[in-house]
file upload.txt (compact mmCIF, C-alpha atoms and all ligand atoms)
# COMPACT_ATOMS: atom_id res chain seq x y z
CA MET A 1 203.78 140.64 15.72
CA PRO A 2 205.73 139.21 18.64
CA GLY A 3 204.45 141.06 21.67
CA LYS A 4 205.56 141.13 25.26
CA LYS A 5 206.55 137.59 26.14
CA ILE A 6 203.84 136.09 28.33
CA LYS A 7 205.67 135.33 31.57
CA LYS A 8 204.09 131.97 32.17
CA LEU A 9 201.94 130.49 29.48
CA LYS A 10 200.13 127.98 31.64
CA LYS A 11 197.06 126.95 29.73
CA ILE A 12 195.83 127.24 26.15
CA ALA A 13 192.67 126.34 24.26
CA VAL A 14 192.34 124.83 20.79
CA LEU A 15 189.33 124.59 18.50
CA THR A 16 188.49 123.65 14.92
CA SER A 17 186.11 125.91 13.01
CA GLY A 18 184.35 126.26 9.65
CA GLY A 19 184.55 123.53 7.01
CA ASP A 20 186.49 120.50 8.19
CA SER A 21 189.57 119.24 6.40
CA PRO A 22 191.65 116.08 6.55
CA GLY A 23 194.61 116.92 8.74
CA MET A 24 192.77 118.84 11.45
CA ASN A 25 193.30 115.89 13.82
CA PRO A 26 197.08 115.75 13.36
CA ALA A 27 197.08 119.53 13.90
CA ILE A 28 195.20 119.16 17.21
CA ARG A 29 197.62 116.40 18.20
CA ALA A 30 200.60 118.64 17.44
CA VAL A 31 199.14 121.50 19.49
CA VAL A 32 198.49 119.25 22.47
CA ARG A 33 201.80 117.41 22.41
CA THR A 34 203.86 120.58 21.93
CA ALA A 35 202.04 122.29 24.79
CA ILE A 36 202.51 119.32 27.09
CA TYR A 37 206.19 119.15 26.12
CA HIS A 38 206.45 122.73 27.41
CA LYS A 39 204.37 121.90 30.51
CA ILE A 40 201.37 123.88 29.29
CA GLU A 41 197.86 122.56 29.90
CA VAL A 42 195.38 122.32 27.01
CA ILE A 43 191.62 122.38 26.77
CA GLY A 44 189.81 121.41 23.60
CA VAL A 45 186.75 123.46 22.69
CA LYS A 46 184.09 121.41 20.91
CA TRP A 47 181.98 122.70 17.99
CA GLY A 48 184.20 125.65 17.14
CA TYR A 49 183.14 129.08 18.33
CA ASP A 50 179.71 127.77 19.37
CA GLY A 51 181.43 125.60 21.95
CA LEU A 52 183.38 128.60 23.17
CA ILE A 53 180.17 130.58 23.63
CA LYS A 54 178.41 127.67 25.36
CA ASN A 55 181.45 126.52 27.36
CA ILE A 56 181.64 123.02 25.84
CA THR A 57 185.20 122.04 26.59
CA THR A 58 187.25 119.00 27.38
CA PRO A 59 190.71 118.69 28.92
CA LEU A 60 193.22 117.32 26.43
CA ILE A 61 196.14 115.26 27.63
CA SER A 62 198.73 113.44 25.58
CA ARG A 63 196.61 110.28 25.53
CA SER A 64 193.53 112.19 24.33
CA VAL A 65 195.24 112.67 20.98
CA GLY A 66 196.73 109.18 20.66
CA GLY A 67 195.75 107.32 17.49
CA ILE A 68 194.30 110.35 15.69
CA ILE A 69 197.19 111.24 13.37
CA ASN A 70 195.61 109.04 10.69
CA ARG A 71 191.98 110.05 11.23
CA GLY A 72 190.04 112.41 8.97
CA GLY A 73 187.57 114.95 10.36
CA THR A 74 188.15 116.53 13.74
CA ILE A 75 187.79 114.96 17.19
CA LEU A 76 186.73 118.41 18.45
CA TYR A 77 183.96 118.67 15.86
CA SER A 78 183.51 121.82 13.82
CA ALA A 79 180.70 124.29 13.30
CA ARG A 80 179.73 127.59 11.82
CA SER A 81 178.66 129.90 14.61
CA LYS A 82 176.21 132.74 14.03
CA GLY A 83 176.58 133.78 17.66
CA PHE A 84 180.29 134.48 17.34
CA LYS A 85 179.57 137.05 14.66
CA THR A 86 177.96 139.19 17.35
CA LYS A 87 179.78 141.20 20.01
CA ALA A 88 177.61 139.62 22.70
CA GLY A 89 178.56 136.14 21.49
CA ARG A 90 182.25 136.97 21.51
CA LYS A 91 181.91 138.38 25.03
CA LYS A 92 180.48 135.05 26.21
CA ALA A 93 183.30 133.25 24.43
CA PHE A 94 185.83 135.46 26.18
CA ASN A 95 184.19 134.68 29.52
CA THR A 96 184.65 130.96 28.84
CA LEU A 97 188.34 131.53 28.18
CA LYS A 98 188.66 133.53 31.41
CA LYS A 99 186.71 130.95 33.39
CA HIS A 100 189.20 128.27 32.37
CA ARG A 101 192.15 130.59 33.05
CA VAL A 102 193.34 130.10 29.53
CA ASN A 103 195.90 132.57 28.16
CA GLY A 104 196.01 131.74 24.47
CA LEU A 105 193.69 130.38 21.79
CA ILE A 106 194.62 128.36 18.71
CA VAL A 107 192.04 128.32 15.91
CA ILE A 108 192.36 125.69 13.19
CA GLY A 109 190.22 126.72 10.21
CA GLY A 110 189.86 128.94 7.17
CA ASP A 111 189.75 132.69 6.60
CA GLY A 112 186.27 133.05 8.11
CA SER A 113 187.52 131.51 11.33
CA TYR A 114 190.47 133.89 11.25
CA ARG A 115 188.14 136.87 10.99
CA GLY A 116 186.37 135.67 14.12
CA ALA A 117 189.67 135.21 15.96
CA HIS A 118 190.78 138.67 14.87
CA GLU A 119 187.55 140.27 16.14
CA LEU A 120 187.99 138.53 19.48
CA HIS A 121 191.58 139.75 19.73
CA GLN A 122 190.65 143.33 18.76
CA GLU A 123 187.98 143.49 21.44
CA THR A 124 189.82 141.75 24.27
CA ASP A 125 193.54 141.72 23.44
CA PHE A 126 193.36 137.95 23.95
CA PRO A 127 196.23 136.14 22.14
CA VAL A 128 195.03 134.15 19.11
CA ILE A 129 196.95 132.12 16.56
CA GLY A 130 195.40 130.75 13.35
CA VAL A 131 196.40 127.45 11.76
CA PRO A 132 195.28 127.11 8.11
CA GLY A 133 192.97 124.11 7.93
CA THR A 134 190.95 124.00 4.72
CA ILE A 135 191.02 121.85 1.59
CA ASP A 136 190.65 124.94 -0.63
CA ASN A 137 194.23 126.22 -0.23
CA ASP A 138 192.82 129.71 -0.70
CA ILE A 139 194.59 131.42 2.19
CA ALA A 140 197.25 134.00 1.40
CA GLY A 141 200.20 133.84 3.78
CA THR A 142 200.81 130.14 3.30
CA ASP A 143 201.80 128.13 0.24
CA TYR A 144 199.61 125.24 1.38
CA THR A 145 196.75 124.68 3.76
CA ILE A 146 196.20 121.53 5.78
CA GLY A 147 193.93 119.13 3.86
CA PHE A 148 194.64 120.40 0.36
CA TYR A 149 196.85 117.54 -0.79
CA THR A 150 194.57 114.88 0.69
CA ALA A 151 191.69 116.43 -1.26
CA ILE A 152 193.80 116.21 -4.43
CA ASP A 153 194.58 112.55 -3.70
CA THR A 154 190.84 111.89 -3.37
CA ALA A 155 190.09 113.75 -6.58
CA ILE A 156 192.72 111.92 -8.63
CA GLU A 157 191.56 108.54 -7.36
CA ALA A 158 188.16 109.36 -8.85
CA ILE A 159 189.65 110.90 -12.00
CA ASP A 160 191.78 107.79 -12.63
CA LYS A 161 188.69 105.58 -12.47
CA ILE A 162 186.63 107.85 -14.70
CA ARG A 163 189.52 107.93 -17.18
CA ASP A 164 189.13 104.15 -17.66
CA THR A 165 185.54 104.67 -18.80
CA ALA A 166 186.39 107.77 -20.82
CA VAL A 167 188.99 105.78 -22.78
CA SER A 168 186.84 102.64 -23.14
CA HIS A 169 183.92 104.60 -24.56
CA ASN A 170 185.71 107.47 -26.31
CA ARG A 171 183.98 110.04 -24.19
CA LEU A 172 184.40 113.54 -22.95
CA PHE A 173 184.06 113.78 -19.20
CA LEU A 174 183.61 116.92 -17.15
CA ILE A 175 184.64 116.27 -13.56
CA GLU A 176 183.59 118.81 -10.98
CA VAL A 177 185.79 119.32 -7.94
CA MET A 178 185.31 121.60 -4.95
CA GLY A 179 186.29 125.26 -5.08
CA ARG A 180 183.49 127.82 -4.97
CA HIS A 181 185.82 130.78 -5.06
CA ALA A 182 189.22 129.30 -5.84
CA GLY A 183 190.63 126.97 -8.47
CA PHE A 184 193.57 125.51 -6.55
CA ILE A 185 191.96 122.07 -6.22
CA ALA A 186 190.88 122.03 -9.88
CA LEU A 187 194.30 123.06 -11.12
CA ALA A 188 196.28 120.58 -9.03
CA SER A 189 193.77 117.80 -9.80
CA ALA A 190 194.06 118.53 -13.52
CA ILE A 191 197.85 118.25 -13.45
CA ALA A 192 197.97 115.17 -11.23
CA GLY A 193 195.03 113.54 -13.03
CA GLY A 194 196.38 114.27 -16.51
CA ALA A 195 193.30 116.21 -17.59
CA GLU A 196 193.07 118.11 -20.85
CA ASP A 197 191.84 121.34 -19.28
CA ALA A 198 190.99 123.00 -15.97
CA LEU A 199 188.20 125.56 -15.67
CA LEU A 200 188.82 127.88 -12.75
CA PRO A 201 186.92 130.78 -11.15
CA GLU A 202 190.05 132.94 -11.48
CA THR A 203 190.21 132.75 -15.29
CA PRO A 204 187.46 133.44 -17.86
CA THR A 205 186.12 130.27 -19.45
CA ASN A 206 185.64 130.37 -23.20
CA ILE A 207 183.30 127.59 -24.40
CA THR A 208 184.09 128.22 -28.09
CA LYS A 209 187.80 127.77 -27.36
CA ILE A 210 187.15 124.54 -25.49
CA ILE A 211 185.13 123.19 -28.43
CA LYS A 212 187.91 124.12 -30.85
CA GLN A 213 190.42 122.35 -28.66
CA LEU A 214 188.24 119.25 -28.57
CA GLN A 215 187.98 119.30 -32.36
CA ASN A 216 191.77 119.57 -32.60
CA TYR A 217 192.19 116.62 -30.27
CA LYS A 218 189.80 114.58 -32.46
CA LYS A 219 191.80 115.45 -35.57
CA ARG A 220 194.93 114.26 -33.82
CA GLY A 221 193.26 110.99 -32.85
CA LYS A 222 192.56 111.79 -29.23
CA VAL A 223 189.02 110.62 -28.68
CA SER A 224 188.56 110.77 -24.95
CA SER A 225 189.12 113.84 -22.85
CA ILE A 226 188.78 114.94 -19.26
CA ILE A 227 188.13 118.50 -18.20
CA ILE A 228 188.24 119.45 -14.54
CA VAL A 229 185.70 122.08 -13.53
CA ALA A 230 185.91 124.01 -10.26
CA GLU A 231 182.38 124.19 -8.83
CA GLY A 232 182.54 128.00 -8.87
CA ASP A 233 183.77 128.42 -12.45
CA ASP A 234 182.45 131.55 -14.17
CA ALA A 235 180.81 129.46 -16.93
CA GLY A 236 178.82 127.52 -14.35
CA ASN A 237 179.14 124.17 -12.63
CA ALA A 238 180.07 121.03 -14.59
CA LEU A 239 176.45 120.26 -15.59
CA GLU A 240 175.95 123.79 -16.88
CA VAL A 241 179.24 123.73 -18.81
CA ALA A 242 178.24 120.34 -20.31
CA GLU A 243 174.93 121.82 -21.43
CA LYS A 244 176.69 124.81 -23.03
CA ILE A 245 179.06 122.50 -24.94
CA ARG A 246 176.13 120.32 -26.07
CA LYS A 247 174.11 123.32 -27.26
CA LYS A 248 177.02 124.87 -29.14
CA ALA A 249 178.69 121.81 -30.68
CA GLY A 250 176.29 118.94 -30.18
CA TYR A 251 178.90 117.01 -28.18
CA GLU A 252 177.48 114.68 -25.58
CA THR A 253 179.51 114.83 -22.42
CA ARG A 254 179.37 112.87 -19.19
CA VAL A 255 179.49 114.72 -15.90
CA SER A 256 180.79 113.49 -12.58
CA VAL A 257 180.73 115.54 -9.39
CA ILE A 258 183.19 114.45 -6.73
CA GLY A 259 181.73 116.57 -3.91
CA TYR A 260 182.09 116.09 -0.18
CA GLN A 261 184.37 113.05 -0.44
CA GLN A 262 187.16 115.60 -0.85
CA ARG A 263 186.62 116.94 2.65
CA GLY A 264 187.16 113.57 4.32
CA GLY A 265 189.49 110.62 4.41
CA ILE A 266 192.79 109.61 5.90
CA PRO A 267 195.14 112.61 5.84
CA SER A 268 198.01 112.13 3.40
CA ALA A 269 201.64 112.08 4.53
CA LEU A 270 202.10 115.65 3.28
CA ASP A 271 199.11 116.90 5.26
CA ARG A 272 200.17 115.07 8.42
CA ILE A 273 203.63 116.62 8.24
CA LEU A 274 202.24 120.08 7.49
CA ALA A 275 199.67 119.78 10.31
CA THR A 276 202.34 118.65 12.76
CA ARG A 277 204.70 121.49 11.83
CA LEU A 278 202.03 124.19 11.89
CA GLY A 279 200.20 122.97 15.00
CA SER A 280 203.48 122.87 16.87
CA ALA A 281 204.55 126.28 15.54
CA ALA A 282 201.27 127.82 16.73
CA VAL A 283 202.07 126.85 20.33
CA GLU A 284 205.64 128.15 19.98
CA GLU A 285 204.22 131.48 18.77
CA LEU A 286 202.04 131.78 21.87
CA ILE A 287 205.05 130.95 24.04
CA ASN A 288 207.05 133.66 22.24
CA GLY A 289 204.37 136.21 23.01
CA THR A 290 202.83 136.57 19.55
CA LYS A 291 199.40 138.10 20.07
CA CYS A 292 197.53 137.82 16.78
CA ALA A 293 198.92 135.93 13.79
CA MET A 294 198.59 132.93 11.52
CA VAL A 295 201.25 130.31 10.95
CA GLY A 296 201.93 129.07 7.44
CA ILE A 297 204.46 127.44 5.18
CA GLN A 298 206.45 129.27 2.53
CA THR A 299 209.15 127.58 0.44
CA ASN A 300 209.12 124.82 3.06
CA GLU A 301 209.83 127.19 5.96
CA VAL A 302 207.34 127.73 8.76
CA ILE A 303 206.45 131.42 8.84
CA THR A 304 203.99 133.77 10.53
CA ASN A 305 201.84 136.49 9.03
CA PRO A 306 199.22 138.87 10.40
CA LEU A 307 195.79 137.19 10.47
CA GLU A 308 194.42 139.95 8.24
CA ILE A 309 196.47 138.71 5.29
CA ALA A 310 193.89 135.93 4.89
CA TRP A 311 191.12 138.31 3.81
CA GLU A 312 193.03 141.40 2.74
CA LYS A 313 195.18 139.61 0.18
CA LYS A 314 193.87 137.30 -2.51
CA LYS A 315 196.10 134.32 -3.11
CA PRO A 316 196.75 134.14 -6.85
CA ILE A 317 196.73 130.89 -8.78
CA ASP A 318 199.98 130.03 -10.47
CA LYS A 319 199.32 130.73 -14.16
CA SER A 320 202.37 128.68 -15.16
CA LEU A 321 200.54 125.61 -13.83
CA LEU A 322 197.59 126.37 -16.09
CA LYS A 323 200.00 126.60 -19.01
CA LEU A 324 201.43 123.25 -17.93
CA VAL A 325 197.96 121.68 -18.23
CA GLU A 326 197.78 123.01 -21.80
CA VAL A 327 201.28 121.77 -22.68
CA MET A 328 200.54 118.33 -21.27
CA SER A 329 197.35 118.01 -23.29
CA CYS A 330 198.96 118.28 -26.71
P1 LIG B 1 186.14 128.96 7.31
O1 LIG B 1 186.88 129.20 8.57
O2 LIG B 1 186.28 127.56 6.82
O3 LIG B 1 186.43 130.02 6.27
P2 LIG B 1 183.53 130.22 7.81
O4 LIG B 1 183.74 131.30 6.82
O5 LIG B 1 182.20 129.53 7.82
O6 LIG B 1 184.59 129.04 7.65
O7 LIG B 1 183.83 130.83 9.26
C1 LIG B 1 183.75 130.01 10.41
C2 LIG B 1 183.17 130.78 11.57
O8 LIG B 1 184.02 131.90 11.89
C3 LIG B 1 181.81 131.42 11.33
O9 LIG B 1 180.75 130.53 11.49
C4 LIG B 1 181.77 132.50 12.39
O10 LIG B 1 181.43 131.96 13.65
C5 LIG B 1 183.22 132.95 12.44
N1 LIG B 1 183.34 134.18 11.65
C6 LIG B 1 183.44 134.30 10.30
N2 LIG B 1 183.51 135.60 9.93
C7 LIG B 1 183.44 136.33 11.07
C8 LIG B 1 183.44 137.72 11.39
N3 LIG B 1 183.54 138.66 10.42
N4 LIG B 1 183.34 138.09 12.69
C9 LIG B 1 183.24 137.17 13.67
N5 LIG B 1 183.23 135.84 13.44
C10 LIG B 1 183.32 135.41 12.18

call {"tool": "encode", "arguments": {"input": "upload.txt", "output": "structure tokens"}}
result
Amino acid sequence: MPGKKIKKLKKIAVLTSGGDSPGMNPAIRAVVRTAIYHKIEVIGVKWGYDGLIKNITTPLISRSVGGIINRGGTILYSARSKGFKTKAGRKKAFNTLKKHRVNGLIVIGGDGSYRGAHELHQETDFPVIGVPGTIDNDIAGTDYTIGFYTAIDTAIEAIDKIRDTAVSHNRLFLIEVMGRHAGFIALASAIAGGAEDALLPETPTNITKIIKQLQNYKKRGKVSSIIIVAEGDDAGNALEVAEKIRKKAGYETRVSVIGYQQRGGIPSALDRILATRLGSAAVEELINGTKCAMVGIQTNEVITNPLEIAWEKKKPIDKSLLKLVEVMSC
């Protein structure tokens, strides 16, 4: 990946793209401050790739990113850009980069955003570095993505409150968390929230088995239960799973959907540290002449991988964690 060292990296651009995640702001801050430390100018591109196409930029100095380490969302705003999926759109985006005499682009976002960055690099040879910013944690090439742990904190705050009601009324609650294609949030929320089960898109859900488990719990005197459902579970969303349980066993269940809350909020300490490490590493990669890569964290070391890893490799869930949920529910 490291290419010919760019003689003088003078100016870089940074943008946030796709679904926002708590921790994008500390990542922007880290990019800006690291660049300035190395006497490199930075421009922020607003509204993701749309802003790049339409030339909506703002100079970022050290003060521009003061007081944002603890703010959710992204000061650069984020968007999904249809235009960038076209060659003509990417050409306009490239012209914006040339106009500003930028010689490197840092993209904070998910795998979709990486695909866009990769296309741009393939067509223009422009250096691009991806920083994994998504609550879903579904990007291969990094153990964690920025925003994941804050989303878990949000989910367990809700789960803890629902647990009070579940216990007071002897009820079964199905709590739906985000994760259309991946169960990382559901699995981590289930462990941290002390749930009885986690239903994930990666593993087949067996309603009969769930009912049997619930009956076993009852026999053992456990009268309230919480099951975490990833929104993209193969048995359906939480409401649909509740209906299937009701039809099969006659159990009334309560459903709670946590939803978009998980995308916002004050970034947790873990996410701030991860964002600072990865944002800073992205700039270092550009300085070192890396042309097209993503930065990530693996066993607490900052690493780089080809951008393609994000869509060519599926990140597996850790089955031992699923087993742990089962063990903890006995
Ligand atoms: P995320 O980055 O969170 O996965 P998306 O999948 O919505 O979010 O991708 C964000 C943006 O990246 C898209 O709106 C589009 O502009 C760009 N993008 C995604 N896939 C491609 C692609 N194959 N080619 C070019 N641009 C893409």

call {"tool": "closest_atom_pairs", "arguments": {"input": "upload.txt", "of": "stretch 138-232 of chain A", "to": "stretch 63-76 of chain A", "cutoff": "12 Å", "atoms": "all atoms listed in the file", "output": "CSV"}}
result
residue,atom,partner,partner_atom,distance
A:Ile146,CA,A:Gly72,CA,11.5
A:Gly147,CA,A:Gly72,CA,9.3
A:Thr150,CA,A:Gly72,CA,9.8
A:Ala151,CA,A:Gly72,CA,11.1

call {"tool": "closest_atom_pairs", "arguments": {"input": "upload.txt", "of": "stretch 123-213 of chain A", "to": "stretch 276-293 of chain A", "cutoff": "12 Å", "atoms": "only C-alpha atoms", "output": "CSV"}}
result
residue,atom,partner,partner_atom,distance
A:Thr124,CA,A:Lys291,CA,11.1
A:Asp125,CA,A:Lys291,CA,7.7
A:Phe126,CA,A:Lys291,CA,7.2
A:Pro127,CA,A:Lys291,CA,4.3
A:Val128,CA,A:Cys292,CA,5.0
A:Ile129,CA,A:Ala293,CA,5.1
A:Gly130,CA,A:Ala293,CA,6.3
A:Val131,CA,A:Leu278,CA,6.5
A:Pro132,CA,A:Leu278,CA,8.3
A:Gly133,CA,A:Leu278,CA,9.9
A:Gly141,CA,A:Ala293,CA,10.3
A:Thr142,CA,A:Leu278,CA,10.5
A:Tyr144,CA,A:Leu278,CA,10.8
A:Thr145,CA,A:Leu278,CA,9.7
A:Ile146,CA,A:Leu278,CA,8.9

call {"tool": "residues_near_ligand", "arguments": {"input": "upload.txt", "ligand": "ligand LIG 1 (chain B)", "cutoff": "6 Å", "atoms": "all atoms listed in the file", "output": "PyMOL selection string"}}
result
chain A and resi 17-19+49+80-82+84-85+109-113+115-116+119

call {"tool": "closest_residue", "arguments": {"input": "upload.txt", "among": "A:Ser329, A:Ala242, A:Ala182, A:Gly259", "to": "A:Ala155", "atoms": "only C-alpha atoms"}}
result
A:Gly259

call {"tool": "closest_residue", "arguments": {"input": "upload.txt", "among": "A:Ile191, A:Leu172, A:Leu270, A:Val177", "to": "A:Val223", "atoms": "all atoms listed in the file"}}
result
A:Leu172

call {"tool": "residues_near_point", "arguments": {"input": "upload.txt", "point": "(181.4, 121.4, -5.0)", "cutoff": "12 Å", "atoms": "only C-alpha atoms", "output": "PyMOL selection string"}}
result
chain A and resi 135-136+155+175-183+185-186+228-233+236-239+256-263

call {"tool": "atom_distance", "arguments": {"input": "upload.txt", "atom1": "atom CA of A:Arg171", "atom2": "atom CA of A:Leu321"}}
result
25.0 Å

call {"tool": "closest_residue", "arguments": {"input": "upload.txt", "among": "A:Thr86, A:Thr16, A:Ser62, A:Asn137", "to": "A:Gly296", "atoms": "all atoms listed in the file"}}
result
A:Asn137

call {"tool": "atom_distance", "arguments": {"input": "upload.txt", "atom1": "atom CA of A:Lys248", "atom2": "atom CA of A:Ile162"}}
result
24.3 Å

call {"tool": "atom_distance", "arguments": {"input": "upload.txt", "atom1": "atom CA of A:Ala79", "atom2": "atom CA of A:Gly48"}}
result
5.4 Å

call {"tool": "residues_around", "arguments": {"input": "upload.txt", "residues": "A:Lys244", "least_positions_apart": "5", "cutoff": "12 Å", "atoms": "only C-alpha atoms", "output": "list in words"}}
result
Thr205, Asn206, Ile207, Thr208, Ile210, Ile211, Ala235, Gly236, Asn237, Ala238, Leu239, Ala249, Gly250, Tyr251, Glu252 and Thr253 of chain A

call {"tool": "closest_residue", "arguments": {"input": "upload.txt", "among": "A:Val42, A:Leu120, A:Ile53, A:Ile309", "to": "A:Lys92", "atoms": "only C-alpha atoms"}}
result
A:Ile53

call {"tool": "residues_around", "arguments": {"input": "upload.txt", "residues": "stretch 32-40 of chain A", "least_positions_apart": "3", "cutoff": "7 Å", "atoms": "only C-alpha atoms", "output": "list of chain:residue names"}}
result
A:Leu9, A:Lys10, A:Lys11, A:Ile28, A:Arg29, A:Leu60, A:Ile61, A:Ser62, A:Ser280, A:Val283
